[in-house]
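Enquirer: Sharing input-v3.csv, CSV, C-alpha atoms:
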```
chain,number,residue,atom,x,y,z
A,1,MET,CA,24.1,-8.2,-0.5
A,2,ARG,CA,22.4,-10.1,-3.3
A,3,ILE,CA,18.7,-9.6,-3.8
A,4,GLY,CA,16.2,-11.5,-5.9
A,5,VAL,CA,13.5,-9.4,-7.5
A,6,ILE,CA,10.5,-11.4,-8.6
A,7,GLY,CA,8.3,-9.4,-11.0
A,8,THR,CA,9.6,-6.7,-13.3
A,9,GLY,CA,6.5,-4.8,-14.3
A,10,ARG,CA,5.9,-1.2,-13.5
A,11,ILE,CA,6.6,-1.2,-9.7
A,12,GLY,CA,9.2,-4.0,-10.0
A,13,THR,CA,11.2,-1.9,-12.5
A,14,ILE,CA,11.1,1.0,-10.1
A,15,HIS,CA,12.2,-1.1,-7.2
A,16,ALA,CA,15.0,-2.8,-9.2
A,17,ASN,CA,16.3,0.6,-10.2
A,18,THR,CA,16.4,1.7,-6.6
A,19,LEU,CA,18.1,-1.4,-5.3
A,20,SER,CA,20.6,-1.4,-8.1
A,21,ARG,CA,21.8,2.0,-7.0
A,22,HIS,CA,21.9,1.2,-3.3
A,23,ARG,CA,25.4,1.1,-1.8
A,24,GLU,CA,24.7,-2.0,0.2
A,25,VAL,CA,23.4,-4.1,-2.7
A,26,GLY,CA,26.1,-5.8,-4.6
A,27,SER,CA,23.9,-7.5,-7.3
A,28,LEU,CA,20.4,-8.4,-8.3
A,29,ILE,CA,18.8,-11.4,-9.9
A,30,LEU,CA,15.6,-10.5,-11.8
A,31,THR,CA,12.9,-12.7,-13.0
A,32,ASP,CA,9.4,-12.3,-14.5
A,33,ALA,CA,6.7,-14.3,-16.1
A,34,ASP,CA,7.6,-12.3,-19.2
A,35,GLY,CA,11.2,-13.5,-19.6
A,36,ALA,CA,12.0,-10.9,-22.2
A,37,ARG,CA,11.0,-8.1,-20.0
A,38,ALA,CA,13.3,-9.3,-17.2
A,39,GLN,CA,16.1,-9.8,-19.6
A,40,GLU,CA,15.7,-6.2,-21.0
A,41,LEU,CA,15.7,-4.7,-17.5
A,42,ALA,CA,18.7,-6.8,-16.4
A,43,HIS,CA,20.7,-5.7,-19.4
A,44,ARG,CA,19.8,-2.0,-18.8
A,45,LEU,CA,20.8,-2.2,-15.1
A,46,GLY,CA,23.9,-4.4,-15.6
A,47,GLU,CA,22.3,-7.1,-13.5
A,48,THR,CA,21.4,-10.8,-14.0
A,49,ALA,CA,18.2,-12.2,-15.3
A,50,ALA,CA,17.0,-15.7,-14.2
A,51,PRO,CA,14.7,-17.9,-16.4
A,52,GLY,CA,12.3,-18.5,-13.6
A,53,VAL,CA,11.5,-18.3,-9.8
A,54,ASP,CA,13.3,-21.6,-9.1
A,55,GLU,CA,16.6,-20.1,-10.1
A,56,ILE,CA,16.2,-17.2,-7.7
A,57,PHE,CA,16.3,-19.7,-4.8
A,58,LYS,CA,18.8,-22.1,-6.4
A,59,TRP,CA,21.4,-19.5,-7.3
A,60,GLY,CA,21.4,-18.0,-3.8
A,61,VAL,CA,20.2,-14.6,-2.6
A,62,ASP,CA,20.2,-12.8,0.7
A,63,ALA,CA,16.7,-11.5,0.4
A,64,VAL,CA,13.7,-11.4,-1.9
A,65,VAL,CA,11.6,-8.6,-3.2
A,66,ILE,CA,8.1,-9.7,-4.6
A,67,THR,CA,6.4,-7.4,-7.1
A,68,THR,CA,4.3,-10.0,-9.0
A,69,VAL,CA,0.6,-10.1,-9.6
A,70,THR,CA,-1.2,-10.3,-6.2
A,71,SER,CA,-2.4,-13.9,-6.7
A,72,ALA,CA,1.3,-15.1,-6.5
A,73,HIS,CA,2.3,-13.2,-3.4
A,74,ALA,CA,1.3,-15.7,-0.7
A,75,GLU,CA,2.9,-18.7,-2.3
A,76,LEU,CA,6.2,-16.8,-2.9
A,77,ILE,CA,6.2,-15.4,0.6
A,78,GLY,CA,5.8,-19.0,2.0
A,79,ARG,CA,8.6,-20.3,-0.3
A,80,ALA,CA,11.0,-17.5,0.8
A,81,ALA,CA,10.1,-18.2,4.5
A,82,ARG,CA,10.8,-21.9,4.1
A,83,SER,CA,14.1,-20.9,2.5
A,84,GLY,CA,15.0,-18.8,5.5
A,85,LEU,CA,15.0,-15.6,3.5
A,86,PRO,CA,13.7,-12.1,4.5
A,87,VAL,CA,11.0,-10.8,2.1
A,88,PHE,CA,9.8,-7.4,1.0
A,89,CYS,CA,6.4,-7.8,-0.7
A,90,GLU,CA,4.0,-5.3,-2.3
A,91,LYS,CA,0.6,-5.2,-0.7
A,92,PRO,CA,-1.5,-7.1,-0.2
A,93,ILE,CA,-0.3,-10.5,1.0
A,94,ALA,CA,-3.3,-12.1,-0.6
A,95,LEU,CA,-6.7,-11.2,-1.8
A,96,ASP,CA,-8.4,-13.2,0.9
A,97,LEU,CA,-8.0,-13.7,4.6
A,98,PRO,CA,-7.2,-17.4,4.6
A,99,GLY,CA,-4.3,-16.9,2.2
A,100,THR,CA,-3.1,-13.9,4.2
A,101,LEU,CA,-3.2,-15.8,7.5
A,102,HIS,CA,-1.5,-18.9,6.0
A,103,ALA,CA,1.4,-16.8,4.6
A,104,ILE,CA,1.8,-14.9,7.9
A,105,ALA,CA,1.9,-18.3,9.8
A,106,GLU,CA,4.6,-19.6,7.5
A,107,VAL,CA,6.8,-16.5,8.1
A,108,GLU,CA,6.2,-16.7,11.9
A,109,THR,CA,6.9,-20.4,12.0
A,110,ALA,CA,10.2,-19.9,10.0
A,111,GLY,CA,11.2,-16.9,12.2
A,112,THR,CA,11.9,-14.9,9.1
A,113,VAL,CA,11.1,-11.3,8.1
A,114,LEU,CA,8.2,-10.1,6.0
A,115,GLN,CA,8.1,-6.3,5.3
A,116,MET,CA,5.0,-5.1,3.4
A,117,GLY,CA,5.0,-2.3,0.9
A,118,PHE,CA,2.8,0.4,2.4
A,119,GLN,CA,4.9,3.3,1.1
A,120,ARG,CA,2.8,6.1,2.6
A,121,ARG,CA,4.4,5.3,6.0
A,122,PHE,CA,7.6,6.7,4.5
A,123,ASP,CA,6.2,9.8,3.0
A,124,ALA,CA,7.2,13.1,4.6
A,125,GLY,CA,3.7,14.4,4.7
A,126,TYR,CA,2.2,11.4,6.5
A,127,ARG,CA,5.1,11.3,8.9
A,128,GLY,CA,4.5,14.9,9.7
A,129,ALA,CA,0.8,14.1,10.4
A,130,ARG,CA,1.7,11.3,12.7
A,131,GLU,CA,4.0,13.6,14.7
A,132,ALA,CA,1.3,16.2,14.9
A,133,VAL,CA,-1.2,13.7,16.3
A,134,ARG,CA,1.2,11.9,18.6
A,135,SER,CA,2.7,15.2,20.0
A,136,GLY,CA,-0.6,16.5,21.1
A,137,ARG,CA,-0.4,19.5,18.7
A,138,LEU,CA,-4.0,18.9,17.4
A,139,GLY,CA,-5.5,18.2,20.8
A,140,ARG,CA,-8.2,15.6,20.9
A,141,LEU,CA,-8.6,14.3,17.3
A,142,HIS,CA,-12.2,14.3,16.3
A,143,THR,CA,-12.3,14.0,12.5
A,144,VAL,CA,-10.1,12.5,9.8
A,145,ARG,CA,-10.8,12.7,6.0
A,146,ALA,CA,-8.7,10.5,3.7
A,147,LEU,CA,-9.0,10.2,-0.1
A,148,THR,CA,-7.3,8.4,-2.9
A,149,SER,CA,-8.2,9.4,-6.5
A,150,ASP,CA,-6.6,7.9,-9.6
A,151,GLN,CA,-6.5,10.1,-12.7
A,152,ALA,CA,-7.5,7.3,-15.1
A,153,PRO,CA,-8.9,3.8,-14.8
A,154,PRO,CA,-6.4,0.8,-14.8
A,155,PRO,CA,-6.3,-1.6,-17.7
A,156,VAL,CA,-9.5,-3.5,-18.2
A,157,ASP,CA,-7.9,-6.9,-18.0
A,158,TRP,CA,-6.3,-6.1,-14.6
A,159,LEU,CA,-9.5,-5.2,-12.8
A,160,PRO,CA,-10.7,-8.7,-12.1
A,161,LEU,CA,-7.3,-9.5,-10.6
A,162,SER,CA,-7.1,-6.4,-8.4
A,163,GLY,CA,-9.3,-7.5,-5.5
A,164,GLY,CA,-11.5,-4.4,-5.9
A,165,LEU,CA,-11.3,-0.8,-5.0
A,166,TYR,CA,-11.3,-1.4,-1.2
A,167,ARG,CA,-8.6,-4.0,-1.2
A,168,ASP,CA,-6.5,-2.4,-3.9
A,169,ALA,CA,-6.7,1.3,-3.4
A,170,LEU,CA,-8.4,2.2,-0.1
A,171,ILE,CA,-6.3,-0.4,1.8
A,172,HIS,CA,-3.5,2.2,1.8
A,173,ASP,CA,-5.9,4.7,3.5
A,174,PHE,CA,-6.9,2.1,6.0
A,175,ASP,CA,-3.3,1.3,6.8
A,176,ILE,CA,-2.1,4.9,7.1
A,177,LEU,CA,-5.2,5.9,9.2
A,178,ARG,CA,-4.1,3.3,11.8
A,179,TRP,CA,-0.4,4.3,11.6
A,180,VAL,CA,-1.0,8.0,11.8
A,181,THR,CA,-3.5,8.0,14.6
A,182,GLY,CA,-2.3,5.0,16.6
A,183,HIS,CA,-5.8,3.7,16.9
A,184,GLU,CA,-7.7,0.7,15.6
A,185,ILE,CA,-10.8,0.9,13.4
A,186,VAL,CA,-13.7,-0.8,15.2
A,187,ASP,CA,-16.6,-0.5,12.7
A,188,VAL,CA,-17.3,0.6,9.1
A,189,TYR,CA,-20.2,1.6,6.9
A,190,ALA,CA,-19.3,1.5,3.2
A,191,ALA,CA,-21.0,2.2,-0.1
A,192,GLY,CA,-19.8,2.1,-3.7
A,193,SER,CA,-20.9,3.3,-7.2
A,194,ASP,CA,-20.4,1.5,-10.5
A,195,ALA,CA,-22.1,4.2,-12.5
A,196,GLY,CA,-19.0,4.8,-14.6
A,197,PRO,CA,-17.5,2.7,-17.4
A,198,PRO,CA,-19.1,-0.7,-17.8
A,199,MET,CA,-15.8,-2.5,-17.3
A,200,PHE,CA,-16.2,-2.0,-13.5
A,201,ARG,CA,-19.6,-3.7,-13.4
A,202,ALA,CA,-18.2,-6.5,-15.6
A,203,ALA,CA,-15.5,-7.1,-13.1
A,204,GLY,CA,-17.9,-7.0,-10.1
A,205,ASP,CA,-16.1,-3.8,-8.9
A,206,VAL,CA,-17.0,-0.2,-8.3
A,207,ASP,CA,-15.3,2.9,-9.7
A,208,THR,CA,-16.0,5.1,-6.7
A,209,ALA,CA,-16.3,4.2,-3.0
A,210,ALA,CA,-16.7,5.8,0.4
A,211,ALA,CA,-16.5,4.5,3.9
A,212,LEU,CA,-17.4,5.9,7.3
A,213,LEU,CA,-15.0,4.5,9.9
A,214,THR,CA,-15.1,4.7,13.7
A,215,LEU,CA,-11.9,4.4,15.7
A,216,ASP,CA,-11.6,2.8,19.1
A,217,ASP,CA,-11.3,6.2,20.8
A,218,GLY,CA,-14.5,7.6,19.1
A,219,THR,CA,-12.7,9.5,16.3
A,220,LEU,CA,-14.7,9.6,13.1
A,221,ALA,CA,-13.0,9.1,9.8
A,222,THR,CA,-14.1,9.1,6.2
A,223,ALA,CA,-12.2,7.4,3.3
A,224,THR,CA,-13.1,7.9,-0.3
A,225,ALA,CA,-11.6,6.6,-3.6
A,226,THR,CA,-12.3,6.8,-7.3
A,227,ARG,CA,-10.6,5.6,-10.5
A,228,LEU,CA,-11.9,8.6,-12.5
A,229,ASN,CA,-10.4,11.8,-11.2
A,230,GLY,CA,-9.6,13.5,-14.5
A,231,ALA,CA,-8.0,16.5,-12.9
A,232,GLY,CA,-5.0,14.4,-11.7
A,233,TYR,CA,-3.8,12.0,-9.1
A,234,ASP,CA,-5.0,13.2,-5.7
A,235,VAL,CA,-4.1,11.6,-2.3
A,236,ARG,CA,-4.7,13.6,0.8
A,237,MET,CA,-5.5,13.2,4.5
A,238,GLU,CA,-7.0,16.0,6.7
A,239,LEU,CA,-6.8,15.7,10.4
A,240,ALA,CA,-8.9,18.0,12.6
A,241,GLY,CA,-8.6,18.3,16.4
A,242,GLU,CA,-9.8,20.6,19.1
A,243,LEU,CA,-6.6,22.7,18.9
A,244,ASP,CA,-5.4,22.6,15.3
A,245,GLN,CA,-5.9,21.1,11.9
A,246,VAL,CA,-3.4,19.7,9.3
A,247,VAL,CA,-3.5,18.3,5.9
A,248,VAL,CA,-1.3,15.8,4.0
A,249,GLY,CA,-0.9,16.1,0.2
A,250,LEU,CA,-1.7,19.8,-0.3
A,251,ASP,CA,0.9,21.4,-2.4
A,252,ASP,CA,1.4,23.2,-5.7
A,253,ARG,CA,0.7,19.9,-7.6
A,254,THR,CA,-2.5,19.0,-5.9
A,255,PRO,CA,-5.1,18.7,-8.7
A,256,ILE,CA,-7.8,20.9,-7.2
A,257,ALA,CA,-9.0,24.4,-8.1
A,258,SER,CA,-10.6,26.9,-5.7
A,259,THR,CA,-13.8,28.7,-6.7
A,260,GLU,CA,-13.1,31.5,-4.3
A,261,PRO,CA,-12.1,34.8,-5.9
A,262,THR,CA,-8.9,35.0,-3.8
A,263,GLY,CA,-8.3,31.2,-3.7
A,264,PRO,CA,-5.0,29.6,-4.9
A,265,PRO,CA,-4.7,28.9,-8.7
A,266,ALA,CA,-5.1,25.4,-10.1
A,267,ALA,CA,-1.9,23.4,-10.3
A,268,ASP,CA,0.2,23.9,-13.4
A,269,LYS,CA,1.6,20.4,-13.3
A,270,PRO,CA,-0.8,18.1,-11.3
A,271,TRP,CA,0.3,14.7,-10.1
A,272,THR,CA,-0.3,12.0,-12.7
A,273,GLY,CA,0.1,8.8,-10.6
A,274,PHE,CA,1.4,7.1,-7.5
A,275,LEU,CA,4.9,6.4,-8.8
A,276,GLU,CA,5.5,10.1,-9.3
A,277,ARG,CA,3.7,11.3,-6.2
A,278,PHE,CA,5.4,8.7,-3.9
A,279,GLY,CA,8.8,8.3,-5.6
A,280,PRO,CA,10.9,9.3,-2.5
A,281,ALA,CA,8.7,7.1,-0.2
A,282,TYR,CA,9.3,4.0,-2.4
A,283,GLU,CA,13.0,4.6,-2.2
A,284,ALA,CA,12.8,5.1,1.6
A,285,GLU,CA,10.9,1.9,2.2
A,286,LEU,CA,13.5,-0.2,0.3
A,287,ALA,CA,16.3,1.5,2.2
A,288,ALA,CA,14.5,0.5,5.4
A,289,PHE,CA,14.2,-3.1,4.2
A,290,ILE,CA,17.9,-3.3,3.6
A,291,GLU,CA,18.5,-2.0,7.1
A,292,VAL,CA,16.1,-4.7,8.4
A,293,VAL,CA,17.9,-7.4,6.5
A,294,ARG,CA,21.2,-6.1,8.0
A,295,GLY,CA,19.8,-6.2,11.5
A,296,GLU,CA,20.1,-2.4,11.9
A,297,ARG,CA,16.4,-1.7,12.6
A,298,ALA,CA,13.1,-3.3,13.4
A,299,ASN,CA,10.6,-4.2,10.8
A,300,PRO,CA,8.5,-1.0,10.1
A,301,CYS,CA,5.5,-2.8,8.6
A,302,ASP,CA,5.1,-6.6,9.1
A,303,GLY,CA,2.5,-9.0,7.9
A,304,ARG,CA,0.2,-8.5,10.9
A,305,GLU,CA,0.0,-4.8,10.0
A,306,ALA,CA,-1.0,-5.7,6.5
A,307,LEU,CA,-3.6,-8.1,7.9
A,308,GLN,CA,-5.3,-5.4,9.9
A,309,ALA,CA,-5.7,-3.2,6.8
A,310,LEU,CA,-7.1,-6.1,4.8
A,311,ARG,CA,-9.6,-6.8,7.5
A,312,VAL,CA,-10.9,-3.3,7.2
A,313,ALA,CA,-11.2,-3.7,3.4
A,314,GLU,CA,-13.0,-7.0,3.9
A,315,ALA,CA,-15.4,-5.3,6.4
A,316,CYS,CA,-16.1,-2.6,3.8
A,317,GLU,CA,-16.9,-5.1,1.1
A,318,VAL,CA,-19.3,-6.8,3.5
A,319,SER,CA,-20.9,-3.5,4.4
A,320,ARG,CA,-21.3,-2.4,0.7
A,321,ARG,CA,-22.8,-5.8,-0.3
A,322,GLU,CA,-25.1,-6.1,2.7
A,323,ARG,CA,-25.9,-2.4,3.1
A,324,ARG,CA,-25.2,-2.4,6.9
A,325,ALA,CA,-22.6,-1.3,9.4
A,326,VAL,CA,-20.0,-4.0,10.1
A,327,ARG,CA,-17.9,-4.3,13.2
A,328,LEU,CA,-14.3,-5.4,12.7
A,329,ALA,CA,-14.9,-8.1,15.3
A,330,GLU,CA,-17.0,-9.9,12.7
A,331,ILE,CA,-13.9,-10.3,10.4
A,332,PRO,CA,-11.6,-13.2,11.2
A,333,GLY,CA,-7.9,-12.6,12.1
A,334,GLY,CA,-8.2,-9.9,14.7
A,335,ALA,CA,-6.9,-11.7,17.7
A,336,SER,CA,-3.2,-10.7,17.2
A,337,ALA,CA,-3.1,-7.2,16.0
A,338,ALA,CA,0.4,-5.7,15.7
A,339,ALA,CA,1.7,-2.9,17.9
A,340,PHE,CA,2.2,0.4,16.2
```
Before we go any further, please render this structure as structure tokens.
Expert:
Amino acid sequence: MRIGVIGTGRIGTIHANTLSRHREVGSLILTDADGARAQELAHRLGETAAPGVDEIFKWGVDAVVITTVTSAHAELIGRAARSGLPVFCEKPIALDLPGTLHAIAEVETAGTVLQMGFQRRFDAGYRGAREAVRSGRLGRLHTVRALTSDQAPPPVDWLPLSGGLYRDALIHDFDILRWVTGHEIVDVYAAGSDAGPPMFRAAGDVDTAAALLTLDDGTLATATATRLNGAGYDVRMELAGELDQVVVGLDDRTPIASTEPTGPPAADKPWTGFLERFGPAYEAELAAFIEVVRGERANPCDGREALQALRVAEACEVSRRERRAVRLAEIPGGASAAAF
């Protein structure tokens, strides 16, 4: 199998390394807007660098992995679909609903595959939480608490391109909340704070956000995020039911300290970022993509799944801006929710 990797930045490099080692992948063609960066990575992996995206399609590949800046995702997805190629794409499809819907339509018209990069679905902890909920171990689920906390802010020039804290970070929590519980989010009430560094205000973004979410069975969930968690990278989900309670992301590297006299000690080596925390999950999602391309399994996270998470993020942005509760029915694109 020959795979084209478009984008060789931080996550693209991780994915290229994973694919280069996979037994079913014979070769890679790498390209990037920074040609020297693609050349260097190709040399290090013993793969081929292409001068541009055109060559990825001209030279012939069996599948495409897209890890470029978000603004390029939708166009590249459409181009791959028109070429009849299966695609793995980092989230989101686009930063707006029209671009997302158009890209999904192109994939569905072409009858090709689009697998989205929501890696938490492949994390052992989240998979265990899903099993605990679906098996009935927790009884009736009544409360879910999700959080995503970055240790340090992203580069200042990247913030205006990110889509904002809800679309960039909390979108993972919205997706995994649906996936773990098996229920849709029906309304949201969201707030954000830009009281931190001025670069967030300059970008029209917030550095800290919170949302209260109601699921279609009445379960209440909260989702919070921040770019400024100096203790370390912290991603958790607590699920409380009438019979039991479980937590994802609590281990000896969780960057939290107890104030109780008999509480556990602070982590000696707290998580520093998502690539470290979710390394095995990133490998597992690409292994799944290769199985999908080979026809060995169904697509575990298609474009319609990504659309639903984006719709929640859009609802949160409306709620934050207008200071009101927002029903998901107000957000376009909900007529064809994917099964999960």
Enquirer: Which residue out of A:Gln151, A:Leu101, A:Ala203, A:Leu239 has the minimum interatomic distance to Pro270 of chain A when all atoms listed in the file are used?
Expert: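 The closest residue to Pro270 of chain A is A:Gln151.
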Enquirer: How many Å separate atom CA of Ala81 of chain A from atom CA of Val107 of chain A?
Expert: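 Value for the atom CA of Ala81 of chain A-atom CA of Val107 of chain A distance: 5.2 Å.
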Enquirer: Please return, as a PyMOL selection string, all polymer residues that have at least one atom within 10 Å of the point (-6.4, -1.8, -4.7); use all atoms listed in the file and the file's own coordinate frame.
Expert: chain A and resi 91-92+95+159+161-172+225+313
Enquirer: If you keep C-alpha atoms, can you produce a file of those selected residues as an mmCIF file, keeping the file's coordinate frame?
Expert:
```cif
data_model
loop_
_atom_site.group_PDB
_atom_site.id
_atom_site.type_symbol
_atom_site.label_atom_id
_atom_site.label_comp_id
_atom_site.auth_asym_id
_atom_site.auth_seq_id
_atom_site.Cartn_x
_atom_site.Cartn_y
_atom_site.Cartn_z
ATOM 1 C CA LYS A 91 0.600 -5.200 -0.700
ATOM 2 C CA PRO A 92 -1.500 -7.100 -0.200
ATOM 3 C CA LEU A 95 -6.700 -11.200 -1.800
ATOM 4 C CA LEU A 159 -9.500 -5.200 -12.800
ATOM 5 C CA LEU A 161 -7.300 -9.500 -10.600
ATOM 6 C CA SER A 162 -7.100 -6.400 -8.400
ATOM 7 C CA GLY A 163 -9.300 -7.500 -5.500
ATOM 8 C CA GLY A 164 -11.500 -4.400 -5.900
ATOM 9 C CA LEU A 165 -11.300 -0.800 -5.000
ATOM 10 C CA TYR A 166 -11.300 -1.400 -1.200
ATOM 11 C CA ARG A 167 -8.600 -4.000 -1.200
ATOM 12 C CA ASP A 168 -6.500 -2.400 -3.900
ATOM 13 C CA ALA A 169 -6.700 1.300 -3.400
ATOM 14 C CA LEU A 170 -8.400 2.200 -0.100
ATOM 15 C CA ILE A 171 -6.300 -0.400 1.800
ATOM 16 C CA HIS A 172 -3.500 2.200 1.800
ATOM 17 C CA ALA A 225 -11.600 6.600 -3.600
ATOM 18 C CA ALA A 313 -11.200 -3.700 3.400
#
```
Enquirer: Could you check which of A:Leu250, A:Leu286, A:Val235, A:Ala190 is closest to Thr148 of chain A, using all atoms listed in the file?
Expert: A:Val235
Enquirer: Report as a PDB file with C-alpha atoms, in the coordinates of the input all protein, DNA and RNA residues lying within 7 Å of Asp244 of chain A, evaluated on all atoms listed in the file, omitting residues in the same chain fewer than 4 positions from it.
Expert:
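Output contents, as saved in part_34.pdb:
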```pdb
ATOM      1  CA  ARG A 137      -0.400  19.500  18.700  1.00  0.00           C
ATOM      2  CA  LEU A 138      -4.000  18.900  17.400  1.00  0.00           C
ATOM      3  CA  ALA A 240      -8.900  18.000  12.600  1.00  0.00           C
TER       4      ALA A 240
END
```
Enquirer: To one decimal place in Å, what is the distance between atom CA of Ile66 of chain A and atom CA of Trp179 of chain A?
Expert: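 For atom CA of Ile66 of chain A relative to atom CA of Trp179 of chain A, the distance reads 23.0 Å.
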Enquirer: Show me the residues close to (-11.6, 5.7, 15.8) - anything with an atom within 12 Å, counting all atoms listed in the file - and format the list as number ranges by chain.
Expert: A: 140-144, 174, 177-178, 180-188, 212-222, 328
Enquirer: Provide the atom CA of Ala288 of chain A to atom CA of Val113 of chain A distance in Å, to one decimal place.
Expert: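 The value is 12.6 Å.
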Enquirer: Please provide the set of residues having any atom within 12 Å of Arg277 of chain A, restricted to all atoms listed in the file, with same-chain residues fewer than 2 positions apart removed, written as a list of chain:residue names.
Expert: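 Within the cut-off, the hits are A:Gln119, A:Arg120, A:Asp123, A:Ala124, A:Gly125, A:Thr148, A:Asp150, A:Gly232, A:Tyr233, A:Asp234, A:Val235, A:Arg236, A:Gly249, A:Leu250, A:Asp251, A:Arg253, A:Thr254, A:Pro255, A:Lys269, A:Pro270, A:Trp271, A:Thr272, A:Gly273, A:Phe274, A:Leu275, A:Gly279, A:Pro280, A:Ala281, A:Tyr282.
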Enquirer: Determine the nearest neighbour of Arg21 of chain A from the options A:Leu76, A:Ala287, A:Ala257, A:Leu228, counting all atoms listed in the file.
Expert: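 With all atoms listed in the file as the atom set, the closest residue is A:Ala287.
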Enquirer: Rank A:Ala223, A:Val87, A:Met237, A:Ala152 by their smallest atom-to-atom distance to Gly196 of chain A, using all atoms listed in the file, and report the top residue only.
Expert: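 The answer is A:Ala152, which sits nearest to Gly196 of chain A.
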Enquirer: With all atoms listed in the file as the basis for distance, which of A:Pro265, A:Gly99, A:Pro160, A:Gly4 is at the shortest distance from Gly333 of chain A?
Expert: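 Between A:Pro265, A:Gly99, A:Pro160, A:Gly4, the residue approaching Gly333 of chain A most closely is A:Gly99.
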